[in-house]
$ cat input_24.cif   # mmCIF, N, CA and C atoms
data_input
#
loop_
_atom_site.label_atom_id
_atom_site.label_comp_id
_atom_site.auth_asym_id
_atom_site.auth_seq_id
_atom_site.Cartn_x
_atom_site.Cartn_y
_atom_site.Cartn_z
N MET A 1 202.69 3.39 156.21
CA MET A 1 203.73 4.38 156.14
C MET A 1 203.15 5.78 156.40
N ALA A 2 202.14 6.16 155.61
CA ALA A 2 201.54 7.48 155.79
C ALA A 2 200.89 7.59 157.16
N GLU A 3 200.31 6.48 157.63
CA GLU A 3 199.67 6.49 158.95
C GLU A 3 200.72 6.72 160.05
N ASP A 4 201.89 6.11 159.89
CA ASP A 4 202.97 6.30 160.87
C ASP A 4 203.43 7.75 160.91
N LEU A 5 203.58 8.33 159.73
CA LEU A 5 204.00 9.74 159.66
C LEU A 5 202.93 10.65 160.25
N THR A 6 201.68 10.35 159.96
CA THR A 6 200.59 11.15 160.51
C THR A 6 200.59 11.09 162.03
N GLN A 7 200.78 9.91 162.55
CA GLN A 7 200.82 9.75 164.01
C GLN A 7 202.02 10.48 164.59
N ASP A 8 203.17 10.40 163.93
CA ASP A 8 204.37 11.10 164.39
C ASP A 8 204.15 12.61 164.40
N VAL A 9 203.50 13.13 163.36
CA VAL A 9 203.19 14.56 163.31
C VAL A 9 202.25 14.93 164.45
N PHE A 10 201.21 14.13 164.66
CA PHE A 10 200.25 14.41 165.73
C PHE A 10 200.93 14.45 167.09
N VAL A 11 201.79 13.48 167.36
CA VAL A 11 202.50 13.43 168.65
C VAL A 11 203.40 14.66 168.80
N THR A 12 204.10 15.03 167.73
CA THR A 12 204.98 16.21 167.79
C THR A 12 204.17 17.48 168.05
N VAL A 13 203.05 17.62 167.35
CA VAL A 13 202.19 18.80 167.56
C VAL A 13 201.68 18.82 168.99
N PHE A 14 201.23 17.68 169.48
CA PHE A 14 200.70 17.60 170.83
C PHE A 14 201.76 17.99 171.87
N LYS A 15 202.97 17.47 171.70
CA LYS A 15 204.04 17.75 172.66
C LYS A 15 204.57 19.18 172.55
N SER A 16 204.45 19.78 171.37
CA SER A 16 205.07 21.08 171.13
C SER A 16 204.08 22.25 171.12
N VAL A 17 202.80 21.98 171.28
CA VAL A 17 201.81 23.04 171.13
C VAL A 17 202.03 24.20 172.11
N LEU A 18 202.56 23.91 173.29
CA LEU A 18 202.81 25.00 174.25
C LEU A 18 203.97 25.89 173.82
N SER A 19 204.83 25.38 172.94
CA SER A 19 205.95 26.20 172.46
C SER A 19 205.59 26.97 171.19
N PHE A 20 204.37 26.79 170.68
CA PHE A 20 203.93 27.52 169.50
C PHE A 20 203.91 29.01 169.83
N ASN A 21 204.69 29.80 169.05
CA ASN A 21 204.86 31.21 169.39
C ASN A 21 204.00 32.17 168.59
N GLU A 22 203.10 31.66 167.78
CA GLU A 22 202.13 32.45 167.03
C GLU A 22 202.75 33.47 166.07
N GLN A 23 203.99 33.21 165.60
CA GLN A 23 204.58 34.06 164.57
C GLN A 23 203.96 33.77 163.21
N SER A 24 203.38 32.59 163.08
CA SER A 24 202.65 32.22 161.87
C SER A 24 201.33 31.60 162.32
N SER A 25 200.50 31.25 161.34
CA SER A 25 199.23 30.65 161.71
C SER A 25 199.47 29.22 162.19
N LEU A 26 198.54 28.69 162.94
CA LEU A 26 198.64 27.33 163.46
C LEU A 26 198.75 26.32 162.32
N SER A 27 197.96 26.53 161.27
CA SER A 27 198.01 25.58 160.14
C SER A 27 199.37 25.60 159.46
N THR A 28 199.98 26.75 159.32
CA THR A 28 201.31 26.85 158.73
C THR A 28 202.33 26.13 159.60
N TRP A 29 202.21 26.29 160.91
CA TRP A 29 203.12 25.63 161.86
C TRP A 29 202.98 24.11 161.75
N ILE A 30 201.76 23.61 161.64
CA ILE A 30 201.52 22.17 161.52
C ILE A 30 202.04 21.67 160.17
N TYR A 31 201.80 22.45 159.09
CA TYR A 31 202.34 22.06 157.79
C TYR A 31 203.86 21.96 157.84
N ARG A 32 204.51 22.91 158.49
CA ARG A 32 205.97 22.90 158.58
C ARG A 32 206.44 21.63 159.30
N ILE A 33 205.78 21.28 160.39
CA ILE A 33 206.13 20.05 161.11
C ILE A 33 205.93 18.84 160.19
N THR A 34 204.81 18.83 159.47
CA THR A 34 204.51 17.71 158.57
C THR A 34 205.54 17.59 157.47
N VAL A 35 205.86 18.70 156.82
CA VAL A 35 206.86 18.67 155.75
C VAL A 35 208.20 18.21 156.29
N ASN A 36 208.61 18.72 157.44
CA ASN A 36 209.89 18.32 158.03
C ASN A 36 209.91 16.82 158.36
N LYS A 37 208.82 16.31 158.92
CA LYS A 37 208.75 14.88 159.23
C LYS A 37 208.83 14.04 157.95
N CYS A 38 208.12 14.48 156.92
CA CYS A 38 208.15 13.75 155.65
C CYS A 38 209.53 13.79 155.01
N LEU A 39 210.16 14.96 155.03
CA LEU A 39 211.51 15.05 154.46
C LEU A 39 212.52 14.24 155.27
N ASP A 40 212.39 14.24 156.58
CA ASP A 40 213.27 13.41 157.41
C ASP A 40 213.10 11.93 157.06
N HIS A 41 211.85 11.53 156.92
CA HIS A 41 211.58 10.14 156.56
C HIS A 41 212.14 9.82 155.17
N LEU A 42 211.98 10.76 154.25
CA LEU A 42 212.49 10.56 152.90
C LEU A 42 214.01 10.39 152.91
N ARG A 43 214.68 11.23 153.65
CA ARG A 43 216.14 11.12 153.73
C ARG A 43 216.56 9.76 154.30
N ALA A 44 215.86 9.31 155.31
CA ALA A 44 216.18 8.00 155.90
C ALA A 44 215.92 6.88 154.90
N ARG A 45 214.84 6.98 154.19
CA ARG A 45 214.50 5.95 153.20
C ARG A 45 215.46 5.96 152.03
N ASN A 46 215.90 7.16 151.64
CA ASN A 46 216.82 7.27 150.51
C ASN A 46 218.18 6.67 150.85
N ARG A 47 218.53 6.64 152.12
CA ARG A 47 219.78 5.98 152.50
C ARG A 47 219.68 4.49 152.24
N GLN A 48 218.48 3.93 152.40
CA GLN A 48 218.28 2.50 152.20
C GLN A 48 218.06 2.18 150.72
N LYS A 49 217.25 2.96 150.04
CA LYS A 49 217.02 2.78 148.61
C LYS A 49 216.43 4.07 148.05
N ARG A 50 216.61 4.27 146.76
CA ARG A 50 216.12 5.48 146.12
C ARG A 50 214.64 5.34 145.80
N ALA A 51 213.80 5.91 146.68
CA ALA A 51 212.36 5.91 146.45
C ALA A 51 211.79 7.11 147.15
N GLY A 52 210.70 7.65 146.68
CA GLY A 52 210.11 8.86 147.25
C GLY A 52 208.98 8.58 148.20
N ILE A 53 208.89 9.39 149.24
CA ILE A 53 207.81 9.26 150.22
C ILE A 53 206.46 9.63 149.61
N PHE A 54 206.45 10.59 148.68
CA PHE A 54 205.17 11.07 148.19
C PHE A 54 204.44 10.03 147.36
N SER A 55 205.21 9.11 146.73
CA SER A 55 204.50 8.06 145.99
C SER A 55 203.70 7.19 146.95
N SER A 56 204.25 6.92 148.14
CA SER A 56 203.51 6.11 149.10
C SER A 56 202.34 6.89 149.70
N LEU A 57 202.44 8.20 149.72
CA LEU A 57 201.34 9.00 150.23
C LEU A 57 200.21 9.11 149.21
N PHE A 58 200.56 8.96 147.91
CA PHE A 58 199.57 9.15 146.86
C PHE A 58 199.08 7.87 146.24
N GLN A 59 199.63 6.71 146.65
CA GLN A 59 199.22 5.47 146.03
C GLN A 59 198.68 4.48 147.05
N LYS A 60 197.71 3.71 146.61
CA LYS A 60 197.20 2.62 147.43
C LYS A 60 198.21 1.48 147.36
N ASP A 61 198.00 0.43 148.11
CA ASP A 61 198.89 -0.72 148.11
C ASP A 61 199.01 -1.37 146.74
N ASN A 62 197.98 -1.29 145.94
CA ASN A 62 198.03 -1.93 144.62
C ASN A 62 198.65 -1.02 143.56
N GLY A 63 199.15 0.15 143.94
CA GLY A 63 199.84 1.04 143.02
C GLY A 63 198.96 2.04 142.31
N GLU A 64 197.65 2.01 142.56
CA GLU A 64 196.78 2.96 141.90
C GLU A 64 196.72 4.25 142.70
N PRO A 65 196.62 5.40 142.00
CA PRO A 65 196.58 6.68 142.70
C PRO A 65 195.39 6.78 143.64
N VAL A 66 195.61 7.42 144.78
CA VAL A 66 194.54 7.67 145.73
C VAL A 66 193.62 8.76 145.21
N HIS A 67 194.21 9.74 144.54
CA HIS A 67 193.47 10.90 144.07
C HIS A 67 192.92 10.63 142.67
N ASP A 68 191.92 9.77 142.56
CA ASP A 68 191.29 9.52 141.28
C ASP A 68 190.45 10.73 140.91
N HIS A 69 190.49 11.06 139.65
CA HIS A 69 189.69 12.18 139.16
C HIS A 69 188.29 11.67 138.83
N PRO A 70 187.30 12.56 138.82
CA PRO A 70 185.96 12.13 138.42
C PRO A 70 186.05 11.50 137.02
N THR A 71 185.32 10.43 136.82
CA THR A 71 185.42 9.72 135.55
C THR A 71 184.09 9.71 134.81
N PHE A 72 184.19 9.53 133.50
CA PHE A 72 183.00 9.31 132.70
C PHE A 72 182.60 7.86 132.86
N GLU A 73 181.47 7.51 132.33
CA GLU A 73 180.99 6.14 132.45
C GLU A 73 181.80 5.17 131.58
N HIS A 74 182.35 5.65 130.51
CA HIS A 74 183.05 4.77 129.57
C HIS A 74 184.32 4.21 130.20
N PRO A 75 184.49 2.88 130.22
CA PRO A 75 185.65 2.25 130.86
C PRO A 75 186.98 2.66 130.23
N GLY A 76 186.99 2.94 128.93
CA GLY A 76 188.22 3.37 128.27
C GLY A 76 188.71 4.71 128.81
N VAL A 77 187.78 5.61 129.07
CA VAL A 77 188.13 6.91 129.63
C VAL A 77 188.65 6.74 131.05
N GLN A 78 188.03 5.88 131.82
CA GLN A 78 188.49 5.62 133.19
C GLN A 78 189.91 5.07 133.19
N LEU A 79 190.18 4.12 132.32
CA LEU A 79 191.50 3.53 132.23
C LEU A 79 192.54 4.58 131.82
N GLU A 80 192.20 5.40 130.85
CA GLU A 80 193.13 6.43 130.38
C GLU A 80 193.43 7.44 131.49
N ARG A 81 192.43 7.84 132.22
CA ARG A 81 192.65 8.79 133.32
C ARG A 81 193.51 8.18 134.42
N ARG A 82 193.27 6.91 134.72
CA ARG A 82 194.07 6.23 135.72
C ARG A 82 195.54 6.14 135.29
N GLU A 83 195.74 5.83 134.03
CA GLU A 83 197.10 5.76 133.50
C GLU A 83 197.77 7.13 133.53
N ASN A 84 197.03 8.18 133.16
CA ASN A 84 197.57 9.53 133.19
C ASN A 84 197.97 9.94 134.61
N ALA A 85 197.12 9.62 135.57
CA ALA A 85 197.43 9.93 136.96
C ALA A 85 198.66 9.16 137.42
N ARG A 86 198.76 7.91 137.01
CA ARG A 86 199.92 7.09 137.37
C ARG A 86 201.20 7.71 136.81
N TYR A 87 201.15 8.16 135.53
CA TYR A 87 202.30 8.82 134.92
C TYR A 87 202.66 10.10 135.66
N LEU A 88 201.64 10.89 136.00
CA LEU A 88 201.88 12.15 136.69
C LEU A 88 202.55 11.91 138.04
N PHE A 89 202.01 11.01 138.86
CA PHE A 89 202.58 10.78 140.18
C PHE A 89 203.95 10.13 140.09
N ALA A 90 204.18 9.31 139.07
CA ALA A 90 205.52 8.73 138.87
C ALA A 90 206.50 9.84 138.51
N ALA A 91 206.07 10.79 137.68
CA ALA A 91 206.94 11.90 137.29
C ALA A 91 207.21 12.81 138.50
N ILE A 92 206.19 13.09 139.29
CA ILE A 92 206.36 13.91 140.50
C ILE A 92 207.36 13.25 141.43
N ASP A 93 207.30 11.95 141.53
CA ASP A 93 208.19 11.21 142.43
C ASP A 93 209.66 11.32 142.02
N THR A 94 209.94 11.61 140.76
CA THR A 94 211.33 11.73 140.31
C THR A 94 211.92 13.11 140.55
N LEU A 95 211.09 14.08 140.92
CA LEU A 95 211.59 15.43 141.15
C LEU A 95 212.50 15.47 142.38
N PRO A 96 213.43 16.42 142.42
CA PRO A 96 214.21 16.62 143.66
C PRO A 96 213.25 16.96 144.81
N ASP A 97 213.68 16.65 146.03
CA ASP A 97 212.81 16.79 147.20
C ASP A 97 212.16 18.17 147.32
N THR A 98 212.95 19.22 147.14
CA THR A 98 212.39 20.57 147.33
C THR A 98 211.36 20.89 146.25
N GLN A 99 211.65 20.51 145.01
CA GLN A 99 210.68 20.75 143.93
C GLN A 99 209.42 19.94 144.15
N LYS A 100 209.58 18.69 144.57
CA LYS A 100 208.44 17.82 144.83
C LYS A 100 207.57 18.40 145.93
N THR A 101 208.20 18.85 147.01
CA THR A 101 207.45 19.40 148.14
C THR A 101 206.68 20.65 147.73
N VAL A 102 207.35 21.56 147.04
CA VAL A 102 206.69 22.80 146.59
C VAL A 102 205.54 22.48 145.65
N PHE A 103 205.76 21.57 144.71
CA PHE A 103 204.73 21.23 143.74
C PHE A 103 203.51 20.62 144.42
N VAL A 104 203.74 19.69 145.34
CA VAL A 104 202.63 19.04 146.04
C VAL A 104 201.88 20.04 146.91
N LEU A 105 202.60 20.87 147.64
CA LEU A 105 201.92 21.86 148.49
C LEU A 105 201.12 22.85 147.65
N ALA A 106 201.65 23.23 146.47
CA ALA A 106 200.96 24.21 145.63
C ALA A 106 199.80 23.60 144.87
N HIS A 107 199.99 22.40 144.30
CA HIS A 107 198.98 21.88 143.38
C HIS A 107 198.11 20.77 143.96
N VAL A 108 198.57 20.07 144.96
CA VAL A 108 197.73 19.05 145.59
C VAL A 108 197.04 19.64 146.81
N GLU A 109 197.82 20.28 147.67
CA GLU A 109 197.25 20.90 148.87
C GLU A 109 196.65 22.28 148.59
N GLU A 110 196.98 22.86 147.42
CA GLU A 110 196.46 24.16 146.98
C GLU A 110 196.74 25.29 147.97
N LEU A 111 197.97 25.30 148.50
CA LEU A 111 198.38 26.36 149.41
C LEU A 111 198.93 27.55 148.64
N PRO A 112 198.73 28.76 149.16
CA PRO A 112 199.34 29.93 148.52
C PRO A 112 200.87 29.89 148.67
N GLN A 113 201.57 30.53 147.74
CA GLN A 113 203.03 30.52 147.76
C GLN A 113 203.59 31.13 149.04
N LYS A 114 202.91 32.11 149.58
CA LYS A 114 203.38 32.73 150.83
C LYS A 114 203.41 31.69 151.96
N ASP A 115 202.35 30.88 152.05
CA ASP A 115 202.30 29.84 153.08
C ASP A 115 203.37 28.77 152.85
N ILE A 116 203.56 28.42 151.59
CA ILE A 116 204.59 27.43 151.26
C ILE A 116 205.96 27.95 151.67
N ALA A 117 206.20 29.22 151.42
CA ALA A 117 207.48 29.83 151.80
C ALA A 117 207.69 29.75 153.31
N GLU A 118 206.65 30.01 154.08
CA GLU A 118 206.76 29.91 155.54
C GLU A 118 206.99 28.47 155.97
N ILE A 119 206.25 27.55 155.39
CA ILE A 119 206.37 26.14 155.75
C ILE A 119 207.78 25.63 155.49
N MET A 120 208.33 26.00 154.33
CA MET A 120 209.64 25.48 153.93
C MET A 120 210.80 26.37 154.36
N ASN A 121 210.46 27.47 155.00
CA ASN A 121 211.48 28.40 155.47
C ASN A 121 212.30 28.94 154.29
N LEU A 122 211.58 29.38 153.25
CA LEU A 122 212.18 29.93 152.04
C LEU A 122 211.54 31.27 151.73
N SER A 123 212.14 32.00 150.80
CA SER A 123 211.51 33.22 150.34
C SER A 123 210.44 32.86 149.31
N VAL A 124 209.52 33.79 149.08
CA VAL A 124 208.47 33.56 148.10
C VAL A 124 209.10 33.40 146.72
N LYS A 125 210.14 34.17 146.43
CA LYS A 125 210.85 34.07 145.14
C LYS A 125 211.45 32.68 144.96
N ALA A 126 212.02 32.12 146.03
CA ALA A 126 212.60 30.77 145.96
C ALA A 126 211.51 29.74 145.69
N VAL A 127 210.34 29.92 146.31
CA VAL A 127 209.22 29.01 146.06
C VAL A 127 208.78 29.12 144.60
N GLU A 128 208.67 30.35 144.08
CA GLU A 128 208.29 30.54 142.68
C GLU A 128 209.29 29.85 141.75
N SER A 129 210.56 30.01 142.05
CA SER A 129 211.61 29.40 141.23
C SER A 129 211.53 27.88 141.27
N LEU A 130 211.38 27.31 142.47
CA LEU A 130 211.26 25.86 142.60
C LEU A 130 210.03 25.33 141.88
N LEU A 131 208.94 26.07 141.96
CA LEU A 131 207.70 25.66 141.30
C LEU A 131 207.88 25.67 139.78
N GLN A 132 208.53 26.72 139.26
CA GLN A 132 208.78 26.79 137.81
C GLN A 132 209.68 25.65 137.35
N ARG A 133 210.76 25.37 138.12
CA ARG A 133 211.66 24.27 137.75
C ARG A 133 210.93 22.93 137.81
N ALA A 134 210.06 22.76 138.81
CA ALA A 134 209.29 21.52 138.91
C ALA A 134 208.38 21.37 137.68
N LYS A 135 207.72 22.44 137.28
CA LYS A 135 206.84 22.38 136.11
C LYS A 135 207.62 22.05 134.84
N ILE A 136 208.79 22.67 134.68
CA ILE A 136 209.63 22.41 133.50
C ILE A 136 210.07 20.95 133.50
N ASN A 137 210.53 20.46 134.65
CA ASN A 137 210.97 19.06 134.74
C ASN A 137 209.82 18.09 134.47
N LEU A 138 208.64 18.40 135.02
CA LEU A 138 207.48 17.53 134.79
C LEU A 138 207.08 17.54 133.31
N ARG A 139 207.11 18.72 132.70
CA ARG A 139 206.78 18.82 131.28
C ARG A 139 207.70 17.93 130.45
N LYS A 140 209.02 17.99 130.75
CA LYS A 140 209.99 17.17 130.02
C LYS A 140 209.71 15.69 130.23
N LYS A 141 209.54 15.30 131.48
CA LYS A 141 209.33 13.88 131.80
C LYS A 141 208.04 13.35 131.17
N LEU A 142 206.99 14.14 131.27
CA LEU A 142 205.70 13.69 130.73
C LEU A 142 205.69 13.71 129.21
N SER A 143 206.37 14.66 128.59
CA SER A 143 206.41 14.67 127.13
C SER A 143 207.22 13.47 126.62
N ASP A 144 208.27 13.07 127.35
CA ASP A 144 209.02 11.87 127.00
C ASP A 144 208.13 10.64 127.05
N ILE A 145 207.33 10.54 128.09
CA ILE A 145 206.42 9.39 128.25
C ILE A 145 205.39 9.36 127.12
N TYR A 146 204.79 10.50 126.82
CA TYR A 146 203.73 10.53 125.82
C TYR A 146 204.26 10.38 124.41
N THR A 147 205.49 10.83 124.12
CA THR A 147 206.05 10.63 122.78
C THR A 147 206.46 9.18 122.59
N LYS A 148 206.86 8.49 123.67
CA LYS A 148 207.19 7.07 123.57
C LYS A 148 205.96 6.23 123.31
N GLU A 149 204.82 6.66 123.86
CA GLU A 149 203.57 5.90 123.69
C GLU A 149 203.05 5.98 122.25
N LYS A 150 203.28 7.10 121.59
CA LYS A 150 202.70 7.30 120.24
C LYS A 150 203.61 6.81 119.21
#
$ encode --input "input_24.cif" --output "structure tokens"
Amino acid sequence: MAEDLTQDVFVTVFKSVLSFNEQSSLSTWIYRITVNKCLDHLRARNRQKRAGIFSSLFQKDNGEPVHDHPTFEHPGVQLERRENARYLFAAIDTLPDTQKTVFVLAHVEELPQKDIAEIMNLSVKAVESLLQRAKINLRKKLSDIYTKEK
């Protein structure tokens, strides 16, 4: 799935590079194409069933997160971190598309809000607002999960 989207983005960039007008940086232009392709794919998938594209981008076939954090040697710590990452990515997957996109671009891709605003064709204030709402929603979802566990 992610490989197909990556190839689709590459082909679009290759075909459209001559129309790049340099109003933004090349990386911002490529990010915008990537986000648009991912959102288009998400909309198509949501018509078939309610599932998020970002979970497939962040998980291996066996459901474990791709972005494993550095672990201690103790197996219990490794298991706990894996479970925490699974909860986090599951919670991110439940966010509305715009909040999910802003959150991933800000915290996974570590892009500045100005770049995210350009990529998503939004104002910086709108990006800040979406990011705050995403954090509030994630806090609620994750606190529900952790209070159920205890």
$ closest_residue --input "input_24.cif" --among "A:His41, A:Met1, A:Ala91, A:Phe10" --to "Arg139 of chain A" --atoms "only C-alpha atoms"
A:Ala91
$ closest_residue --input "input_24.cif" --among "A:Ser19, A:Thr6, A:Asn121, A:Asn137" --to "Asp93 of chain A" --atoms "only C-alpha atoms"
A:Asn137
$ atom_distance --input "input_24.cif" --atom1 "atom C of Ser129 of chain A" --atom2 "atom C of Glu22 of chain A"
26.9 Å
$ atom_distance --input "input_24.cif" --atom1 "atom CA of Lys100 of chain A" --atom2 "atom CA of Cys38 of chain A"
11.6 Å
$ closest_residue --input "input_24.cif" --among "A:Ile136, A:Ile119, A:Leu105, A:Leu142" --to "Ser27 of chain A" --atoms "only N, CA and C atoms"
A:Ile119
$ atom_distance --input "input_24.cif" --atom1 "atom CA of Asn84 of chain A" --atom2 "atom CA of Pro96 of chain A"
20.9 Å
$ closest_residue --input "input_24.cif" --among "A:Trp29, A:Ala126, A:Gln23, A:Lys37" --to "Asp8 of chain A" --atoms "all atoms listed in the file"
A:Lys37
$ closest_residue --input "input_24.cif" --among "A:Lys114, A:Ala134, A:Lys141, A:Glu128" --to "Tyr87 of chain A" --atoms "all atoms listed in the file"
A:Lys141
$ closest_residue --input "input_24.cif" --among "A:Ile33, A:Ser123, A:Asp97, A:Ala44" --to "Val17 of chain A" --atoms "only C-alpha atoms"
A:Ile33
